[in-house]
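Trainee: A single structure is presented below for examination.
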Amino acid sequence: VVGNHWYLFDKNNGAMQTGFQNLAPYGQNKIVYYNKDGQLQYGLNKIDGYNYLFDKSSGAMQTGLQNLAPYGQNKTVYFASNGQMQYGQKQIDGHWYLFNKDDGAMQTGFQDLTPYGQNKVVYYASNGQMQYGQQAIGNHWYLFSKYNGAMQTGFQNLAPYGQDKIVYYNKDGQLQYGSQVINGKKYYFDKSSGKMYTGVAYNADTRTIQYYATNGQMQFGKVNIAGKTYDFDDKTGNLLMQGLVTLGGKNYLLNSNYKAITGQQVIGNHWYLFSKYDGSMQTGFQDLTPYGQNKTVYYATNGQMQYGKQNIDGHWYLFDQYSGAMYKGWLMSGNDWYYYNQQNGQLQTGSAVINGVGYNFDGNGKQILNYSIDYRYALPAGKGDDETAANNYIILHDVGVESGAAANARYFHDTVDTNESYVTFVVGDGGKVYQVGRPGQVSWGAGSVANHNAPVQIELGRTYNSGQFWQDYVTYVRVARDMAGKYGIPLTLDAGGAGTRGIKSHYWVTKNIWGDHVDPYGYLSRFGVTQAKLAHDLLYGV
C-alpha cells in the first residue's frame with residue numbers, strides 16, 4: 001500500500017505491474033486489475049472497450065450474474081469467465097437469459113427478440129430464465145413453445161403439453177374463453193378450461209344447446225346428428241326444442257324459450273339434477289354443495305334421486321328416506337351397530353380401525369362386539385332422558401357400594417323416576433354388560449353439565465374376587481373404547497380441564513365441573529389398577 005492505493009511489484013525483479021494480474025503466486029486466489037499508474041482498480045471499469053467489474057472491497061474480478069445495486073446501478077448483468085460483461089441472448093447453466101444489447105441489463109417479462117435477430121416474443125421469469133409451456137402470468141394463461149420458448153397465438157392443440165384439448169390464444173397470447181368470433185366463424189371455449197367445444201354443447205353464456213363441428217365452428221339450420229335431423233336457429237345456433245331432450249348421449253331440460261333449466265328439478269314426483277356447468281342431466285354420486293345443499297346424493301341411470309339402502313357396484317349405501325342425503329358414520333339400528341365409511345359412505349364389513357379403535361363387522365355390516373349386552377334392564381321409551389348429549393365425554397364410574405352389576409342396573413331401571421339417577425351401561429358380574437340408558441342420549445350420573453356432554457356413562461360393579469374383577473375390568477375398558485370410537489371421543493383419560501374432550505373418571509368431573517364423587521380409582525386400586533394403567537389400557541386396549 002502506497003498512500004491510499006494498492007500496487008503490485010514483481011516478486012523477482014521488483015518491477016511495478018499494470019493490467020490484469022492473477023495474484024495466485026502472491027497467495028491470493030483472485031484476478032485483479034492495475035491501471036497505467038499501477039493502482040488497483042475497483043467497481044465498474046471499461047478496459048479495451050469491454051466492461052468489467054472488480055469487487056468494491058477486494059478488487060477481485062467478478063464473473064457470473066451480478067447485481068450492480070451496490071455499485072449504484074439498478075440492474076443485474078452477466079460477466080463471462082474472462083470477466084467481460086455480456087449482451088444479448090446467453091445460455092447459462094442450461095437456461096436462456098437475455099441481456100440488453102445496450103447496457104447489459106438482464107431482462108424479465110415479455111420480450112420481443114426481433115432486435116436480437118429472432119422473430120418471436122418470449123417470456124423471462126423474475127430470475128431471468130426463459131419460460132416454456134403453459135404459464136399463468138397476471139390473470140391470463142399463455143403458451144410458450146416447448147422447443148424455443150416462442151409465445152403461441154391462434155388455435156393450439158395442447159396434447160404435446162399433457163392436456164387433451166384444443167384452445168385459442170388471441171394476438172396478445174392470452175387464452176380465450178366463452179363465445180368467440182374468429183375469422184367470421186363462431187366458436188365456444190369452455191369458461192373454466194378454455195377447451196374448444198365440438199359436438200353437442202351447452203353454451204353457459206346463453207344457457208342454450210348448440211352444435212359445433214369437429215373444427216369447432218358453430219352449426220346452423222338443420223343438422224344431422226347420429227342419423228337424426230335437428231333444427232338449430234339460423235342466427236343464434238340454438239337448438240329449437242322444448243322439454244326433456246336427449247342429444248349427443250346426454251339429456252337436457254329446455255323451457256319454452258329453448259333455454260336449458262339447470263340445478264335440482266322435480267319431474268313427475270322425482271328429483272333430477274341438471275348440471276349448472278354443462279346443462280346435462282346427472283347420474284351417479286353427486287355433491288350438491290355447488291347447488292346450495294350440504295349433502296351427497298345418488299341419481300340412478302334414469303336420473304332419479306335414490307333413497308334408503310342401495311347396493312351400488314357391489315357396495316351398500318344408505319340414503320335418507322326424505323332428503324336422499326348419503327349417510328356417513330355410525331348408525332344404531334335397534335340394538336345393532338353399523339358403520340358407513342366417512343369418506344365414501346360404503347357400509348363397512350370385515351375389520352377396520354375407526355377413530356383409533358379396532359372393530360369387526362359381519363358380512364351384513366353388523367358390528368361383532370367383543371362383549372355381550374343384556375337388555376333386560378334397558379329403560380323403555382318415555383323413561384329417562386330423551387335429549388341427545390354432546391359428544392365430548394365418556395364418563396367412568398364404579399357403583400360405590402359392595403354390589404354387582406345386575407343389582408345396580410335393576411336399581412337404576414326401577415327407581416329412575418324417584419331417584420333421578422342412571423347411566424348408560426353397568427359392567428360386572430364376571431364381564432357382563434347391562435344396558436340401562438340408550439347410547440347417545442343424556443343420562444343422569446354425573447351432574448347436569450357433565451350429563452349433557454356425555455353420550456355414554458359406564459358404571460363398574462364391585463367384587464372381592466380377583467378372577468371376576470379382571471373379567472369385569474377387561475370388559476369395562478372394551479365398552480369405553482368401543483363407545484369412544486363410535487362418538488369420535490379421544491381415548492385420553494382425564495386430560496385437561498372442563499371442555500377438554502376425552503374419557504373422564506367421575507373423580508375428574510368432581511375436580512373440574514361439579515360433585516363430590518372420586519370413583520372409580522379407589523375401587524380399581526383394590527386390584528392394583530392405577531390411573532396410569534387405566535389410561536394405557538384405554539389408549540391401546542387390553
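Chains: A, B, ... in order of the C-alpha cells. Residues: from 1 per chain. Ligands: from 1, in order shown.
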As number ranges by chain, please: the residues near segment 535-538 of chain A (cut-off 12 Å, only C-alpha atoms, same-chain neighbours under 6 positions excluded).
Mentor: A: 356-357, 394, 396, 473-485, 489-495, 502-505, 521, 529
Trainee: What lies within 10 Å of segment 496-501 of chain A using only C-alpha atoms, ignoring chain neighbours under 6 positions off, as a list of chain:residue names?
Mentor: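 These residues fall inside the cut-off: A:Asn391, A:Asn392, A:Tyr393, A:Ile394, A:Val449, A:Ala450, A:Asn453, A:Ala454, A:Gly488, A:Ile489, A:Pro490, A:Trp508, A:Val509, A:Lys511, A:Asn512, A:Ile513.
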Trainee: How would the residues just chosen look if you wrote them out with N, CA, C and O atoms as an mmCIF file, in the first residue's frame?
Mentor:
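This went into selection.cif:
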```cif
data_model
loop_
_atom_site.group_PDB
_atom_site.id
_atom_site.type_symbol
_atom_site.label_atom_id
_atom_site.label_comp_id
_atom_site.auth_asym_id
_atom_site.auth_seq_id
_atom_site.Cartn_x
_atom_site.Cartn_y
_atom_site.Cartn_z
ATOM 1 N N ASN A 391 -71.128 -34.876 22.058
ATOM 2 C CA ASN A 391 -70.127 -35.951 22.023
ATOM 3 C C ASN A 391 -68.773 -35.467 22.544
ATOM 4 O O ASN A 391 -67.812 -35.323 21.792
ATOM 5 N N ASN A 392 -68.705 -35.217 23.853
ATOM 6 C CA ASN A 392 -67.472 -34.702 24.439
ATOM 7 C C ASN A 392 -66.813 -35.649 25.435
ATOM 8 O O ASN A 392 -65.583 -35.744 25.472
ATOM 9 N N TYR A 393 -67.600 -36.346 26.254
ATOM 10 C CA TYR A 393 -67.019 -37.186 27.308
ATOM 11 C C TYR A 393 -67.611 -38.595 27.296
ATOM 12 O O TYR A 393 -68.792 -38.782 26.995
ATOM 13 N N ILE A 394 -66.780 -39.587 27.629
ATOM 14 C CA ILE A 394 -67.246 -40.886 28.118
ATOM 15 C C ILE A 394 -66.910 -40.872 29.600
ATOM 16 O O ILE A 394 -65.741 -40.675 29.973
ATOM 17 N N VAL A 449 -74.205 -30.595 33.834
ATOM 18 C CA VAL A 449 -73.261 -30.197 32.788
ATOM 19 C C VAL A 449 -72.570 -31.412 32.186
ATOM 20 O O VAL A 449 -72.499 -31.569 30.957
ATOM 21 N N ALA A 450 -72.033 -32.281 33.041
ATOM 22 C CA ALA A 450 -71.348 -33.480 32.538
ATOM 23 C C ALA A 450 -72.322 -34.387 31.798
ATOM 24 O O ALA A 450 -72.006 -34.939 30.742
ATOM 25 N N ASN A 453 -72.949 -33.546 28.241
ATOM 26 C CA ASN A 453 -71.772 -33.652 27.369
ATOM 27 C C ASN A 453 -71.253 -35.077 27.249
ATOM 28 O O ASN A 453 -70.175 -35.290 26.685
ATOM 29 N N ALA A 454 -72.021 -36.047 27.759
ATOM 30 C CA ALA A 454 -71.562 -37.439 27.756
ATOM 31 C C ALA A 454 -72.605 -38.341 27.106
ATOM 32 O O ALA A 454 -73.635 -38.637 27.721
ATOM 33 N N GLY A 488 -66.475 -40.580 18.343
ATOM 34 C CA GLY A 488 -65.355 -39.729 17.953
ATOM 35 C C GLY A 488 -64.705 -39.008 19.120
ATOM 36 O O GLY A 488 -64.185 -37.902 18.969
ATOM 37 N N ILE A 489 -64.718 -39.630 20.296
ATOM 38 C CA ILE A 489 -64.166 -39.019 21.503
ATOM 39 C C ILE A 489 -62.742 -39.528 21.724
ATOM 40 O O ILE A 489 -62.495 -40.734 21.637
ATOM 41 N N PRO A 490 -61.776 -38.659 21.999
ATOM 42 C CA PRO A 490 -60.383 -39.098 22.200
ATOM 43 C C PRO A 490 -60.274 -40.152 23.295
ATOM 44 O O PRO A 490 -61.032 -40.138 24.274
ATOM 45 N N TRP A 508 -62.548 -36.901 37.957
ATOM 46 C CA TRP A 508 -62.206 -35.745 37.112
ATOM 47 C C TRP A 508 -63.386 -34.783 37.018
ATOM 48 O O TRP A 508 -63.215 -33.560 37.082
ATOM 49 N N VAL A 509 -64.607 -35.326 36.898
ATOM 50 C CA VAL A 509 -65.798 -34.485 36.836
ATOM 51 C C VAL A 509 -65.910 -33.652 38.109
ATOM 52 O O VAL A 509 -66.176 -32.442 38.073
ATOM 53 N N LYS A 511 -63.505 -32.704 40.159
ATOM 54 C CA LYS A 511 -62.442 -31.696 40.219
ATOM 55 C C LYS A 511 -62.655 -30.556 39.227
ATOM 56 O O LYS A 511 -62.267 -29.415 39.502
ATOM 57 N N ASN A 512 -63.262 -30.837 38.086
ATOM 58 C CA ASN A 512 -63.302 -29.852 37.014
ATOM 59 C C ASN A 512 -64.676 -29.265 36.719
ATOM 60 O O ASN A 512 -64.761 -28.205 36.082
ATOM 61 N N ILE A 513 -65.743 -29.951 37.154
ATOM 62 C CA ILE A 513 -67.083 -29.455 36.817
ATOM 63 C C ILE A 513 -67.964 -29.304 38.059
ATOM 64 O O ILE A 513 -68.337 -28.200 38.450
#
```
Trainee: Using Å and a single decimal, report how far atom CA of Lys383 of chain A sits from atom CA of Phe412 of chain A.
Mentor: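 The value is 11.1 Å.
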Trainee: Segment 82-314 of chain A: which residues are helix (DSSP H, G or I) by DSSP, as a list in words?
Mentor: Thr114, Pro115, Tyr116, Ala159, Pro160, Tyr161, Thr289, Pro290 and Tyr291 of chain A
Trainee: For N, CA and C atoms, I'd like the residues from the last selection saved as a PDB file, in the first residue's frame.
Mentor:
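Saved to result_30.pdb:
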```pdb
ATOM      1  N   THR A 114     -36.933  -9.576 -31.848  1.00  0.00           N
ATOM      2  CA  THR A 114     -36.593  -9.097 -33.192  1.00  0.00           C
ATOM      3  C   THR A 114     -35.280  -8.318 -33.210  1.00  0.00           C
ATOM      4  N   PRO A 115     -35.046  -7.422 -32.238  1.00  0.00           N
ATOM      5  CA  PRO A 115     -33.763  -6.696 -32.248  1.00  0.00           C
ATOM      6  C   PRO A 115     -32.550  -7.594 -32.049  1.00  0.00           C
ATOM      7  N   TYR A 116     -32.819  -8.835 -31.627  1.00  0.00           N
ATOM      8  CA  TYR A 116     -31.718  -9.772 -31.380  1.00  0.00           C
ATOM      9  C   TYR A 116     -31.651 -10.842 -32.470  1.00  0.00           C
ATOM     10  N   ALA A 159     -52.049 -31.284 -26.624  1.00  0.00           N
ATOM     11  CA  ALA A 159     -51.617 -32.659 -26.363  1.00  0.00           C
ATOM     12  C   ALA A 159     -50.124 -32.758 -26.073  1.00  0.00           C
ATOM     13  N   PRO A 160     -49.249 -32.055 -26.821  1.00  0.00           N
ATOM     14  CA  PRO A 160     -47.815 -32.127 -26.507  1.00  0.00           C
ATOM     15  C   PRO A 160     -47.470 -31.550 -25.131  1.00  0.00           C
ATOM     16  N   TYR A 161     -48.427 -30.843 -24.525  1.00  0.00           N
ATOM     17  CA  TYR A 161     -48.196 -30.237 -23.208  1.00  0.00           C
ATOM     18  C   TYR A 161     -48.979 -30.969 -22.116  1.00  0.00           C
ATOM     19  N   THR A 289     -73.209 -29.433  -2.892  1.00  0.00           N
ATOM     20  CA  THR A 289     -72.717 -28.171  -2.340  1.00  0.00           C
ATOM     21  C   THR A 289     -72.786 -27.029  -3.357  1.00  0.00           C
ATOM     22  N   PRO A 290     -72.383 -27.259  -4.629  1.00  0.00           N
ATOM     23  CA  PRO A 290     -72.493 -26.153  -5.600  1.00  0.00           C
ATOM     24  C   PRO A 290     -73.925 -25.705  -5.855  1.00  0.00           C
ATOM     25  N   TYR A 291     -74.896 -26.520  -5.400  1.00  0.00           N
ATOM     26  CA  TYR A 291     -76.303 -26.186  -5.615  1.00  0.00           C
ATOM     27  C   TYR A 291     -76.974 -25.729  -4.320  1.00  0.00           C
TER      28      TYR A 291
END
```
Trainee: When you count only C-alpha atoms, which of these residues is closest to Gln152 of chain A: A:Gln176, A:Val122, A:Thr76, A:Gly43?
Mentor: A:Val122
Trainee: Taking only C-alpha atoms into account, name the residue in A:Gly303, A:Gly49, A:Gly440, A:Leu23 that is nearest to Thr388 of chain A.
Mentor: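 Looking only at the distances to Thr388 of chain A, the closest residue turns out to be A:Gly440.
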Trainee: Please run DSSP on the backbone and report, as a ChimeraX atom specification, all residues within segment 107-150 of chain A that come out as strand (DSSP E).
Mentor: /A:109-112,121-124,133-137,140-144
Trainee: Show which residues sit within 10 Å of Asn302 of chain A, as a VMD selection string. Count only C-alpha atoms, and ignore same-chain residues fewer than 3 positions away.
Mentor: chain A and resid 251 272 281 to 284 299 305
Trainee: When distances are computed from only C-alpha atoms, which of A:Asn45, A:Gln118, A:Thr208, A:Thr108 shows the smallest separation from Asn148 of chain A?
Mentor: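 Nearest candidate to Asn148 of chain A out of A:Asn45, A:Gln118, A:Thr208, A:Thr108: A:Gln118.
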Trainee: Env of Ala125 of chain A: 9 Å cut, atoms = only C-alpha atoms, seq-sep filter 6 positions within chain, self excluded. Answer as an mmCIF file with N, CA, C and O atoms, in the first residue's frame.
Mentor:
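So the final result, stored in part23.cif, reads:
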```cif
data_model
loop_
_atom_site.group_PDB
_atom_site.id
_atom_site.type_symbol
_atom_site.label_atom_id
_atom_site.label_comp_id
_atom_site.auth_asym_id
_atom_site.auth_seq_id
_atom_site.Cartn_x
_atom_site.Cartn_y
_atom_site.Cartn_z
ATOM 1 N N GLN A 107 -32.955 -9.008 -18.655
ATOM 2 C CA GLN A 107 -34.339 -8.698 -18.962
ATOM 3 C C GLN A 107 -35.281 -9.721 -18.328
ATOM 4 O O GLN A 107 -34.954 -10.901 -18.179
ATOM 5 N N THR A 108 -36.462 -9.266 -17.933
ATOM 6 C CA THR A 108 -37.518 -10.140 -17.414
ATOM 7 C C THR A 108 -38.819 -9.775 -18.114
ATOM 8 O O THR A 108 -38.924 -8.749 -18.801
ATOM 9 N N GLY A 109 -39.839 -10.642 -17.944
ATOM 10 C CA GLY A 109 -41.144 -10.391 -18.540
ATOM 11 C C GLY A 109 -41.159 -10.703 -20.028
ATOM 12 O O GLY A 109 -40.286 -11.418 -20.555
ATOM 13 N N PHE A 110 -42.174 -10.176 -20.727
ATOM 14 C CA PHE A 110 -42.300 -10.399 -22.165
ATOM 15 C C PHE A 110 -41.213 -9.617 -22.905
ATOM 16 O O PHE A 110 -40.965 -8.445 -22.604
ATOM 17 N N GLN A 131 -38.999 -18.988 -20.179
ATOM 18 C CA GLN A 131 -40.020 -19.956 -19.787
ATOM 19 C C GLN A 131 -40.568 -20.704 -21.002
ATOM 20 O O GLN A 131 -40.551 -20.203 -22.133
#
```
Trainee: Would you pick out the contacts of Thr236 of chain A at 10 Å or less, using only C-alpha atoms, so that residues sharing its chain but fewer than 6 positions from it are not included, and give the list as a PDB file with N, CA and C atoms, in the first residue's frame?
Mentor:
```
ATOM      1  N   LYS A 186     -68.212 -18.583 -35.579  1.00  0.00           N
ATOM      2  CA  LYS A 186     -68.468 -18.627 -34.140  1.00  0.00           C
ATOM      3  C   LYS A 186     -67.906 -19.915 -33.530  1.00  0.00           C
ATOM      4  N   THR A 206     -75.489 -18.231 -22.996  1.00  0.00           N
ATOM      5  CA  THR A 206     -76.882 -18.078 -23.431  1.00  0.00           C
ATOM      6  C   THR A 206     -77.814 -19.103 -22.796  1.00  0.00           C
ATOM      7  N   THR A 208     -78.175 -22.158 -23.674  1.00  0.00           N
ATOM      8  CA  THR A 208     -78.838 -22.881 -24.760  1.00  0.00           C
ATOM      9  C   THR A 208     -77.947 -24.026 -25.223  1.00  0.00           C
ATOM     10  N   GLN A 210     -76.213 -25.924 -28.341  1.00  0.00           N
ATOM     11  CA  GLN A 210     -75.724 -25.637 -29.688  1.00  0.00           C
ATOM     12  C   GLN A 210     -74.913 -26.830 -30.194  1.00  0.00           C
ATOM     13  N   MET A 218     -69.569 -23.253 -35.010  1.00  0.00           N
ATOM     14  CA  MET A 218     -70.983 -23.409 -34.699  1.00  0.00           C
ATOM     15  C   MET A 218     -71.773 -23.717 -35.964  1.00  0.00           C
ATOM     16  N   GLN A 219     -72.754 -24.642 -35.832  1.00  0.00           N
ATOM     17  CA  GLN A 219     -73.593 -25.031 -36.958  1.00  0.00           C
ATOM     18  C   GLN A 219     -74.987 -24.397 -36.839  1.00  0.00           C
ATOM     19  N   PHE A 220     -75.616 -24.176 -37.973  1.00  0.00           N
ATOM     20  CA  PHE A 220     -76.914 -23.519 -38.021  1.00  0.00           C
ATOM     21  C   PHE A 220     -77.865 -24.332 -38.898  1.00  0.00           C
ATOM     22  N   GLY A 221     -79.170 -24.106 -38.696  1.00  0.00           N
ATOM     23  CA  GLY A 221     -80.176 -24.752 -39.536  1.00  0.00           C
ATOM     24  C   GLY A 221     -80.361 -26.213 -39.187  1.00  0.00           C
TER      25      GLY A 221
END
```
Trainee: I want to know what sits within 9 Å of Ile368 of chain A, based on only C-alpha atoms, with residues of the same chain fewer than 4 positions away left out; could you give that as a ChimeraX atom specification?
Mentor: /A:337,359-362
